[in-house]
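Shown next: entry.json, given as JSON, C-alpha atoms.
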[["chain", "number", "residue", "atom", "x", "y", "z"],
["Z", 95, "MET", "CA", 17.03, 23.84, 18.15],
["Z", 96, "ARG", "CA", 17.66, 20.67, 20.15],
["Z", 97, "VAL", "CA", 17.10, 17.26, 18.52],
["Z", 98, "GLU", "CA", 16.64, 14.10, 20.55],
["Z", 99, "PRO", "CA", 14.73, 10.79, 20.45],
["Z", 100, "ILE", "CA", 11.20, 10.93, 21.85],
["Z", 101, "LYS", "CA", 8.57, 8.36, 22.76],
["Z", 102, "ILE", "CA", 6.40, 7.20, 19.86],
["Z", 103, "ASN", "CA", 2.88, 8.45, 20.49],
["Z", 104, "TRP", "CA", 0.95, 7.84, 17.28],
["Z", 105, "ASN", "CA", -2.73, 8.58, 16.74],
["Z", 106, "PRO", "CA", -4.97, 8.25, 13.64],
["Z", 107, "GLN", "CA", -4.81, 12.00, 12.96],
["Z", 108, "MET", "CA", -1.15, 11.48, 11.97],
["Z", 109, "SER", "CA", 0.34, 9.76, 8.93],
["Z", 110, "ILE", "CA", 0.03, 5.98, 9.06],
["Z", 111, "PHE", "CA", 3.72, 5.81, 8.20],
["Z", 112, "ALA", "CA", 4.59, 7.22, 11.63],
["Z", 113, "LYS", "CA", 2.90, 4.29, 13.41],
["Z", 114, "GLU", "CA", 5.26, 2.13, 15.49],
["Z", 115, "SER", "CA", 4.09, -1.22, 14.11],
["Z", 116, "PHE", "CA", 4.73, 0.00, 10.57],
["Z", 117, "LEU", "CA", 8.18, 1.44, 11.37],
["Z", 118, "LYS", "CA", 9.10, -1.84, 13.05],
["Z", 119, "ALA", "CA", 7.94, -3.82, 9.99],
["Z", 120, "VAL", "CA", 10.13, -1.89, 7.52],
["Z", 121, "GLY", "CA", 13.21, -1.06, 9.58],
["Z", 122, "ASP", "CA", 15.90, -2.86, 11.55],
["Z", 123, "GLN", "CA", 15.96, 0.13, 13.89],
["Z", 124, "TYR", "CA", 13.36, 2.87, 14.18],
["Z", 125, "GLY", "CA", 12.10, 5.75, 16.27],
["Z", 126, "TRP", "CA", 10.88, 9.33, 16.41],
["Z", 127, "LEU", "CA", 13.13, 12.37, 16.68],
["Z", 128, "GLY", "CA", 11.76, 15.51, 18.27],
["Z", 129, "GLY", "CA", 12.87, 19.06, 17.55],
["Z", 130, "PHE", "CA", 12.71, 21.32, 20.63],
["Z", 131, "SER", "CA", 12.95, 25.09, 20.90],
["Z", 132, "GLU", "CA", 15.25, 26.76, 23.41],
["Z", 133, "SER", "CA", 12.28, 27.01, 25.79],
["Z", 134, "GLY", "CA", 11.70, 23.24, 25.54],
["Z", 135, "GLU", "CA", 8.62, 23.35, 23.28],
["Z", 136, "LEU", "CA", 8.26, 20.37, 20.94],
["Z", 137, "ARG", "CA", 8.21, 22.01, 17.50],
["Z", 138, "CYS", "CA", 8.28, 19.02, 15.17],
["Z", 139, "ILE", "CA", 8.62, 15.25, 14.87],
["Z", 140, "LEU", "CA", 10.48, 13.13, 12.34],
["Z", 141, "PRO", "CA", 9.87, 9.37, 12.37],
["Z", 142, "TYR", "CA", 12.73, 7.34, 10.89],
["Z", 143, "THR", "CA", 13.95, 3.85, 10.15],
["Z", 144, "VAL", "CA", 17.46, 2.46, 9.84],
["Z", 145, "VAL", "CA", 17.82, -0.32, 7.27],
["Z", 146, "LYS", "CA", 20.83, -2.63, 7.44],
["Z", 147, "LYS", "CA", 22.02, -4.27, 4.21],
["Z", 148, "ALA", "CA", 25.44, -5.87, 3.83],
["Z", 149, "ILE", "CA", 27.95, -3.27, 5.10],
["Z", 150, "PHE", "CA", 25.46, -0.38, 4.97],
["Z", 151, "ARG", "CA", 23.42, 1.25, 7.75],
["Z", 152, "MET", "CA", 20.97, 3.47, 5.89],
["Z", 153, "VAL", "CA", 18.49, 5.97, 7.31],
["Z", 154, "ARG", "CA", 15.20, 6.09, 5.42],
["Z", 155, "PHE", "CA", 12.31, 8.42, 6.21],
["Z", 156, "ARG", "CA", 8.80, 7.06, 5.67],
["Z", 157, "VAL", "CA", 7.11, 10.42, 6.22],
["Z", 158, "GLU", "CA", 8.26, 14.03, 6.05],
["Z", 159, "THR", "CA", 8.80, 16.31, 9.05],
["Z", 160, "ILE", "CA", 5.59, 16.59, 11.08],
["Z", 161, "PRO", "CA", 5.02, 20.16, 12.42],
["Z", 162, "MET", "CA", 3.61, 20.43, 15.93],
["Z", 163, "SER", "CA", 2.75, 24.11, 15.60],
["Z", 164, "LEU", "CA", 1.15, 26.20, 12.85],
["Z", 165, "ASP", "CA", 4.04, 28.68, 12.95],
["Z", 166, "PHE", "CA", 6.73, 26.06, 12.32],
["Z", 167, "ASP", "CA", 8.37, 27.63, 9.28],
["Z", 168, "ILE", "CA", 10.75, 26.40, 6.60],
["Z", 169, "SER", "CA", 13.86, 28.03, 8.09],
["Z", 170, "GLU", "CA", 13.18, 26.31, 11.40],
["Z", 171, "GLU", "CA", 12.68, 22.99, 9.62],
["Z", 172, "LYS", "CA", 15.97, 23.41, 7.75],
["Z", 173, "ASP", "CA", 17.78, 23.97, 11.05],
["Z", 174, "PHE", "CA", 16.04, 20.89, 12.48],
["Z", 175, "LEU", "CA", 17.04, 18.68, 9.53],
["Z", 176, "GLY", "CA", 20.64, 19.84, 9.78],
["Z", 177, "ARG", "CA", 20.69, 18.79, 13.41],
["Z", 178, "THR", "CA", 19.10, 15.42, 12.62],
["Z", 179, "ILE", "CA", 22.07, 14.74, 10.36],
["Z", 180, "GLU", "CA", 24.37, 15.23, 13.33],
["Z", 181, "TYR", "CA", 22.23, 12.84, 15.37],
["Z", 182, "PHE", "CA", 22.46, 10.12, 12.72],
["Z", 183, "ARG", "CA", 26.19, 10.71, 12.46],
["Z", 184, "SER", "CA", 26.43, 10.17, 16.23],
["Z", 185, "ILE", "CA", 24.76, 6.74, 16.02],
["Z", 186, "ASP", "CA", 27.12, 5.57, 13.24],
["Z", 187, "THR", "CA", 24.78, 5.40, 10.28],
["Z", 188, "ASP", "CA", 26.38, 5.61, 6.85],
["Z", 189, "MET", "CA", 23.92, 7.67, 4.82],
["Z", 190, "VAL", "CA", 20.40, 8.98, 4.46],
["Z", 191, "ILE", "CA", 18.87, 7.39, 1.37],
["Z", 192, "PRO", "CA", 15.89, 8.84, -0.53],
["Z", 193, "ALA", "CA", 12.65, 8.77, 1.42],
["Z", 194, "THR", "CA", 9.58, 6.84, 0.29],
["Z", 195, "SER", "CA", 7.49, 8.51, -2.41],
["Z", 196, "ASN", "CA", 4.90, 9.97, -0.03],
["Z", 197, "ALA", "CA", 7.51, 11.86, 2.03],
["Z", 198, "ILE", "CA", 7.70, 15.24, 0.31],
["Z", 199, "PHE", "CA", 9.94, 17.56, 2.34],
["Z", 200, "ARG", "CA", 9.55, 21.35, 2.26],
["Z", 201, "THR", "CA", 13.32, 21.79, 2.59],
["Z", 202, "TYR", "CA", 16.54, 19.85, 3.14],
["Z", 203, "PRO", "CA", 19.80, 20.10, 5.11],
["Z", 204, "ASP", "CA", 22.87, 21.83, 3.71],
["Z", 205, "GLY", "CA", 25.14, 19.30, 1.98],
["Z", 206, "ALA", "CA", 22.33, 17.03, 0.80],
["Z", 207, "ASP", "CA", 21.91, 15.72, -2.73],
["Z", 208, "VAL", "CA", 18.49, 17.04, -3.71],
["Z", 209, "ALA", "CA", 15.86, 16.64, -6.42],
["Z", 210, "PRO", "CA", 12.46, 18.30, -6.80],
["Z", 211, "TYR", "CA", 9.65, 15.84, -6.22],
["Z", 212, "GLY", "CA", 5.93, 15.84, -5.60],
["Z", 213, "THR", "CA", 2.73, 13.88, -5.22],
["Z", 214, "TYR", "CA", -0.82, 14.16, -6.53],
["Z", 215, "ILE", "CA", -3.50, 14.77, -3.90],
["Z", 216, "ILE", "CA", -7.31, 14.70, -3.96],
["Z", 217, "ASP", "CA", -9.14, 16.71, -1.28],
["Z", 218, "LEU", "CA", -11.80, 14.28, 0.00],
["Z", 219, "SER", "CA", -13.74, 17.01, 1.81],
["Z", 220, "GLN", "CA", -15.43, 17.79, -1.53],
["Z", 221, "THR", "CA", -18.88, 16.41, -2.32],
["Z", 222, "GLU", "CA", -19.08, 13.24, -4.38],
["Z", 223, "GLU", "CA", -20.60, 15.31, -7.20],
["Z", 224, "SER", "CA", -17.63, 17.70, -7.19],
["Z", 225, "LEU", "CA", -15.15, 14.83, -7.11],
["Z", 226, "TRP", "CA", -16.84, 13.24, -10.13],
["Z", 227, "ARG", "CA", -16.91, 16.53, -12.06],
["Z", 228, "ASN", "CA", -13.18, 16.88, -11.50],
["Z", 229, "VAL", "CA", -12.49, 13.49, -13.12],
["Z", 230, "ALA", "CA", -11.46, 13.87, -16.77],
["Z", 231, "LYS", "CA", -14.05, 12.90, -19.37],
["Z", 232, "ILE", "CA", -11.96, 10.01, -20.73],
["Z", 233, "ASN", "CA", -11.62, 8.56, -17.22],
["Z", 234, "ARG", "CA", -15.36, 8.86, -16.60],
["Z", 235, "GLN", "CA", -16.02, 7.06, -19.90],
["Z", 236, "ASN", "CA", -13.56, 4.27, -19.04],
["Z", 237, "ILE", "CA", -15.05, 3.88, -15.56],
["Z", 238, "GLY", "CA", -18.51, 3.61, -17.13],
["Z", 239, "THR", "CA", -17.27, 1.00, -19.60],
["Z", 240, "ALA", "CA", -15.74, -1.09, -16.80],
["Z", 241, "LYS", "CA", -19.01, -1.00, -14.87],
["Z", 242, "ARG", "CA", -21.12, -1.95, -17.90],
["Z", 243, "THR", "CA", -18.89, -4.88, -18.81],
["Z", 244, "GLY", "CA", -19.20, -6.31, -15.30],
["Z", 245, "VAL", "CA", -15.92, -5.39, -13.59],
["Z", 246, "SER", "CA", -16.29, -5.87, -9.82],
["Z", 247, "ILE", "CA", -14.27, -4.16, -7.07],
["Z", 248, "LEU", "CA", -13.53, -6.43, -4.12],
["Z", 249, "SER", "CA", -11.27, -6.21, -1.08],
["Z", 250, "GLY", "CA", -9.82, -8.40, 1.63],
["Z", 251, "GLU", "CA", -6.70, -10.09, 2.99],
["Z", 252, "GLU", "CA", -7.33, -13.08, 0.73],
["Z", 253, "TYR", "CA", -6.13, -10.94, -2.20],
["Z", 254, "ILE", "CA", -2.67, -10.17, -0.78],
["Z", 255, "ASP", "CA", -0.84, -12.85, -2.76],
["Z", 256, "VAL", "CA", -2.52, -12.14, -6.10],
["Z", 257, "SER", "CA", -1.91, -8.45, -5.47],
["Z", 258, "TYR", "CA", 1.76, -9.18, -4.91],
["Z", 259, "ALA", "CA", 1.97, -11.12, -8.17],
["Z", 260, "LEU", "CA", 0.40, -8.25, -10.13],
["Z", 261, "VAL", "CA", 2.66, -5.61, -8.59],
["Z", 262, "ARG", "CA", 5.80, -7.69, -9.08],
["Z", 263, "GLU", "CA", 4.97, -8.35, -12.74],
["Z", 264, "THR", "CA", 4.13, -4.68, -13.32],
["Z", 265, "PHE", "CA", 7.51, -3.66, -11.89],
["Z", 266, "LYS", "CA", 9.21, -6.35, -13.98],
["Z", 267, "ARG", "CA", 7.68, -5.00, -17.19],
["Z", 268, "SER", "CA", 9.32, -1.66, -16.34],
["Z", 269, "GLY", "CA", 12.66, -3.32, -15.64],
["Z", 270, "LEU", "CA", 12.48, -2.59, -11.92],
["Z", 271, "PRO", "CA", 13.13, -4.89, -8.95],
["Z", 272, "PHE", "CA", 10.51, -5.40, -6.24],
["Z", 273, "MET", "CA", 10.53, -6.66, -2.68],
["Z", 274, "SER", "CA", 10.06, -10.32, -1.75],
["Z", 275, "GLN", "CA", 6.62, -11.75, -1.05],
["Z", 276, "LYS", "CA", 7.61, -12.16, 2.61],
["Z", 277, "ALA", "CA", 8.58, -8.48, 2.85],
["Z", 278, "TYR", "CA", 5.34, -7.48, 1.10],
["Z", 279, "ARG", "CA", 3.27, -9.41, 3.62],
["Z", 280, "ARG", "CA", 5.30, -7.92, 6.48],
["Z", 281, "TYR", "CA", 4.70, -4.41, 5.10],
["Z", 282, "ILE", "CA", 0.93, -4.94, 5.02],
["Z", 283, "ALA", "CA", 0.92, -6.59, 8.45],
["Z", 284, "GLY", "CA", 2.76, -3.57, 9.86],
["Z", 285, "LEU", "CA", -0.12, -1.36, 8.74],
["Z", 286, "GLY", "CA", -2.60, -3.59, 10.59],
["Z", 287, "GLU", "CA", -6.18, -2.39, 10.38],
["Z", 288, "TYR", "CA", -4.99, 0.63, 8.38],
["Z", 289, "ALA", "CA", -4.21, -1.45, 5.28],
["Z", 290, "LYS", "CA", -6.71, -2.24, 2.55],
["Z", 291, "VAL", "CA", -6.10, -4.47, -0.46],
["Z", 292, "MET", "CA", -8.54, -3.80, -3.30],
["Z", 293, "VAL", "CA", -8.83, -5.66, -6.61],
["Z", 294, "ALA", "CA", -10.75, -5.28, -9.86],
["Z", 295, "VAL", "CA", -12.17, -8.61, -11.10],
["Z", 296, "PHE", "CA", -13.46, -9.36, -14.60],
["Z", 297, "GLN", "CA", -14.96, -12.75, -15.49],
["Z", 298, "GLY", "CA", -13.37, -14.36, -12.45],
["Z", 299, "THR", "CA", -9.86, -13.01, -13.05],
["Z", 300, "VAL", "CA", -8.19, -10.32, -10.97],
["Z", 301, "GLN", "CA", -7.15, -7.67, -13.48],
["Z", 302, "SER", "CA", -5.85, -4.84, -11.29],
["Z", 303, "SER", "CA", -4.94, -4.34, -7.65],
["Z", 304, "THR", "CA", -3.84, -1.60, -5.27],
["Z", 305, "VAL", "CA", -2.69, -1.68, -1.66],
["Z", 306, "TYR", "CA", -3.79, 1.37, 0.35],
["Z", 307, "ALA", "CA", -2.29, 2.60, 3.61],
["Z", 308, "PHE", "CA", -4.50, 5.06, 5.47],
["Z", 309, "SER", "CA", -5.32, 6.95, 8.62],
["Z", 310, "ASP", "CA", -7.81, 9.73, 9.31],
["Z", 311, "LEU", "CA", -5.31, 12.15, 7.80],
["Z", 312, "CYS", "CA", -4.67, 10.59, 4.40],
["Z", 313, "THR", "CA", -5.03, 7.50, 2.22],
["Z", 314, "HIS", "CA", -1.99, 6.50, 0.17],
["Z", 315, "ALA", "CA", -2.26, 4.35, -2.96],
["Z", 316, "VAL", "CA", 1.02, 2.58, -2.25],
["Z", 317, "TYR", "CA", 1.47, -0.36, -4.62],
["Z", 318, "GLY", "CA", -0.60, -0.96, -7.73],
["Z", 319, "GLY", "CA", -0.39, -3.50, -10.55],
["Z", 320, "ASN", "CA", -2.23, -4.71, -13.65],
["Z", 321, "LEU", "CA", -2.29, -7.68, -15.95],
["Z", 322, "ALA", "CA", -0.32, -6.96, -19.11],
["Z", 323, "ASP", "CA", -3.54, -7.11, -21.19],
["Z", 324, "THR", "CA", -6.14, -5.79, -18.79],
["Z", 325, "GLN", "CA", -9.82, -5.13, -19.39],
["Z", 326, "GLN", "CA", -10.45, -1.47, -20.20],
["Z", 327, "GLY", "CA", -11.04, 0.80, -17.22],
["Z", 328, "THR", "CA", -10.32, -1.69, -14.44],
["Z", 329, "MET", "CA", -7.66, 0.37, -12.62],
["Z", 330, "LYS", "CA", -9.61, 3.59, -13.14],
["Z", 331, "LEU", "CA", -12.75, 2.05, -11.66],
["Z", 332, "LEU", "CA", -10.68, 0.66, -8.79],
["Z", 333, "GLN", "CA", -9.23, 4.08, -7.94],
["Z", 334, "TRP", "CA", -12.60, 5.79, -8.19],
["Z", 335, "GLU", "CA", -14.25, 3.26, -5.87],
["Z", 336, "ALA", "CA", -11.32, 3.67, -3.47],
["Z", 337, "VAL", "CA", -11.79, 7.45, -3.45],
["Z", 338, "LEU", "CA", -15.47, 7.00, -2.54],
["Z", 339, "PHE", "CA", -14.73, 4.35, 0.09],
["Z", 340, "PHE", "CA", -12.10, 6.37, 1.94],
["Z", 341, "LYS", "CA", -14.25, 9.49, 1.71],
["Z", 342, "SER", "CA", -17.03, 7.50, 3.41],
["Z", 343, "LEU", "CA", -14.61, 6.75, 6.28],
["Z", 344, "GLY", "CA", -13.98, 10.46, 6.78],
["Z", 345, "VAL", "CA", -10.38, 10.39, 5.53],
["Z", 346, "LYS", "CA", -9.28, 13.91, 4.57],
["Z", 347, "ARG", "CA", -6.96, 13.34, 1.61],
["Z", 348, "PHE", "CA", -6.17, 10.77, -1.09],
["Z", 349, "ASP", "CA", -2.51, 10.56, -2.12],
["Z", 350, "PHE", "CA", -1.44, 8.87, -5.36],
["Z", 351, "PHE", "CA", 2.01, 8.30, -3.81],
["Z", 352, "GLY", "CA", 4.68, 10.25, -5.58],
["Z", 353, "ALA", "CA", 5.30, 12.01, -8.88],
["Z", 354, "ARG", "CA", 8.39, 13.12, -10.75],
["Z", 355, "ILE", "CA", 8.50, 16.79, -11.67],
["Z", 356, "ASP", "CA", 8.59, 17.50, -15.43],
["Z", 357, "PRO", "CA", 9.28, 13.91, -16.55],
["Z", 358, "GLU", "CA", 10.53, 13.22, -20.05],
["Z", 359, "LYS", "CA", 7.88, 13.49, -22.74],
["Z", 360, "GLY", "CA", 6.49, 10.10, -23.69],
["Z", 361, "SER", "CA", 7.98, 8.40, -20.63],
["Z", 362, "LYS", "CA", 6.17, 6.04, -18.28],
["Z", 363, "GLN", "CA", 6.52, 8.67, -15.54],
["Z", 364, "GLU", "CA", 4.69, 11.22, -17.68],
["Z", 365, "ALA", "CA", 1.90, 8.69, -18.33],
["Z", 366, "LEU", "CA", 1.58, 7.97, -14.59],
["Z", 367, "ASN", "CA", 1.35, 11.68, -13.79],
["Z", 368, "SER", "CA", -1.35, 12.07, -16.42],
["Z", 369, "PHE", "CA", -3.29, 9.15, -14.95],
["Z", 370, "LYS", "CA", -3.28, 10.79, -11.52],
["Z", 371, "ARG", "CA", -4.04, 14.27, -12.79],
["Z", 372, "ARG", "CA", -7.09, 13.01, -14.70],
["Z", 373, "PHE", "CA", -8.68, 12.06, -11.38],
["Z", 374, "GLY", "CA", -8.75, 15.73, -10.45],
["Z", 375, "ALA", "CA", -5.69, 15.41, -8.24],
["Z", 376, "THR", "CA", -3.49, 18.45, -7.58],
["Z", 377, "LEU", "CA", 0.30, 18.31, -7.64],
["Z", 378, "GLU", "CA", 1.96, 19.24, -4.34],
["Z", 379, "GLN", "CA", 5.69, 19.92, -4.77],
["Z", 380, "GLY", "CA", 8.67, 19.72, -2.49],
["Z", 381, "TYR", "CA", 11.95, 17.82, -2.35],
["Z", 382, "ILE", "CA", 13.40, 14.36, -2.04],
["Z", 383, "TRP", "CA", 16.99, 14.15, -0.78],
["Z", 384, "LYS", "CA", 19.81, 11.95, 0.41],
["Z", 385, "TYR", "CA", 22.90, 12.65, 2.47],
["Z", 386, "PRO", "CA", 26.42, 11.12, 2.74],
["Z", 387, "LEU", "CA", 27.51, 10.41, 6.31],
["Z", 388, "HIS", "CA", 30.23, 7.92, 5.35],
["Z", 389, "PRO", "CA", 31.52, 9.16, 1.94],
["Z", 390, "LEU", "CA", 33.08, 5.88, 0.77],
["Z", 391, "LYS", "CA", 30.07, 3.76, 1.65],
["Z", 392, "TYR", "CA", 27.81, 6.40, 0.10],
["Z", 393, "ARG", "CA", 29.67, 6.08, -3.21],
["Z", 394, "LEU", "CA", 29.51, 2.28, -3.01],
["Z", 395, "TYR", "CA", 25.78, 2.45, -2.34],
["Z", 396, "GLY", "CA", 25.29, 4.72, -5.35],
["Z", 397, "LEU", "CA", 27.18, 2.28, -7.58],
["Z", 398, "ALA", "CA", 25.16, -0.68, -6.27],
["Z", 399, "ALA", "CA", 21.88, 1.20, -6.85],
["Z", 400, "ARG", "CA", 22.87, 1.96, -10.46],
["Z", 401, "VAL", "CA", 23.75, -1.69, -11.13],
["Z", 402, "ARG", "CA", 20.57, -2.97, -9.48],
["Z", 403, "SER", "CA", 17.95, -0.60, -10.88],
["Z", 404, "GLY", "CA", 19.61, 2.23, -12.77],
["Z", 405, "GLY", "CA", 19.87, 4.45, -9.67],
["Z", 406, "ASP", "CA", 17.85, 5.45, -6.65]]
Go ahead and express the file in the form of structure tokens.
Amino acid sequence: MRVEPIKINWNPQMSIFAKESFLKAVGDQYGWLGGFSESGELRCILPYTVVKKAIFRMVRFRVETIPMSLDFDISEEKDFLGRTIEYFRSIDTDMVIPATSNAIFRTYPDGADVAPYGTYIIDLSQTEESLWRNVAKINRQNIGTAKRTGVSILSGEEYIDVSYALVRETFKRSGLPFMSQKAYRRYIAGLGEYAKVMVAVFQGTVQSSTVYAFSDLCTHAVYGGNLADTQQGTMKLLQWEAVLFFKSLGVKRFDFFGARIDPEKGSKQEALNSFKRRFGATLEQGYIWKYPLHPLKYRLYGLAARVRSGGD
């Protein structure tokens, strides 16, 4: 297989995270790589970004390999990914760092550091009645409580800053760092018309918020946050109303944006998985991986990640 840069030619049937304006917003360098067969057929696409921080030039994928043919199999993808590593080596990048949580790869290149990973998906082609039946009883009760107590679901650009504050504080309660407000606004601006900020409001106070990135292919619940002492059912009502809204647009799938496989019992990750599963979402599994191109810088990056947030 031959790997080379190709022209970005995004359309709404593809992942929003392959869109040029988004890649530009989150990367210092970006592009699409194409995988070609010996006969010259384009078999797959892999959008990428290169992020520059201090002495590091780090490749980060925002979406997994995009097949261009139904018969593009896992062995062919593995060959393709191996050759992408050689491409990134040729342009003097230092490492491939873990992809964003939506990018679940079917396979990985030889020599990569790998972990199983997944994401919870709702098929929006179902009827509204079927979607509601699939929601766990406790979630349905909490959604009903939120409605009865007067929780409202609103959306608009005017909620970007309050959304940022909720997400940042939610990350802080878990001991995790989060991006700057400027970077958050740039992220949303890169999505353009394919971003939606939704909030749950109770008695004039925004209780919960989620930023969604979407295209015709899939909606992703990217960043969500709550007040520390939130009104019961606000986030559950928010997600349910989002499911109905994106279904009404004709979006095919709803992605809860990443899930650890077999998290520790009683951990926050287990609670998050349970939250997603109770909406009737199905776990789709694959891999997340990283790759050392410059061994010394890769080790330094790993040490910095452990100091900053306990690891990547």
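As for atom CA of Z:Glu287 and atom CA of Z:Ile237, they are spaced 28.1 Å apart.
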Item checked: Residue among Z:Phe155, Z:Phe373, Z:Trp104, Z:Tyr288 lying closest to Z:Ile216, counting only C-alpha atoms ->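 With only C-alpha atoms as the atom set, the closest residue is Z:Phe373.
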Check: Which distance in Å separates atom CA of Z:Lys276 and atom CA of Z:Met108, to one decimal?
Finding: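 Computing it gives 26.9 Å between the two atoms.
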Next item on the list: Quick one: everything within 6 Å of stretch 292-302 of chain Z, counting only C-alpha atoms, minus sequence neighbours fewer than 6 positions away in the same chain. Send it as a PyMOL selection string.
Entry: chain Z and resi 245-249+319-321+324+328-329
Item checked: For atom CA of Z:Ala398 and atom CA of Z:Asp186, the interatomic separation in Å (one decimal) -> 20.6 Å
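Omitting Z:Glu252 and its sequence neighbours fewer than 4 positions away, and counting only C-alpha atoms, the residues within 10 Å are Val256, Ser257 and Val291 of chain Z.
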Check: Which of these residues is nearest to Z:Phe339, using only C-alpha atoms: Z:Leu218, Z:Ala375, Z:Ile355, Z:Ile110?
Finding: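 For Z:Phe339, the nearest of the candidates is Z:Leu218.
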Check: Looking at Z:Ala399, Z:Ile282, Z:Ala315, Z:Leu366, which one is nearest to Z:Ser115, with distances taken over only C-alpha atoms?
Finding: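 Distance minimum relative to Z:Ser115 lands on Z:Ile282.
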Item checked: Long-range neighbours of stretch 222-230 of chain Z as a ChimeraX atom specification, 12 Å cut-off, all atoms listed in the file, 4 positions minimum in chain -> /Z:216-218,234-237,330-331,333-335,337-342,348,368-376
Margin query: Just checking: using only C-alpha atoms, which residue out of Z:Leu127, Z:Cys138, Z:Val145, Z:Gly269 ends up closest to Z:Thr187?
Written below: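 Checking each candidate against Z:Thr187, we get Z:Val145 as the closest.
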Next item on the list: Tell me which protein, DNA and RNA residues are within 8 Å of Z:Tyr211, counting only C-alpha atoms, leaving out same-chain ones fewer than 3 positions away, and put them as a list in words.
Entry: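 Near neighbours after the sequence-gap exclusion: Ile198, Gly352, Ala353, Arg354, Ile355, Gln379, Gly380, Tyr381 and Ile382 of chain Z.
For the choices Z:Lys362, Z:Arg154, Z:Arg347, Z:His314, the atom-to-atom distance to Z:Thr264 is smallest for Z:Lys362 when using all atoms listed in the file.
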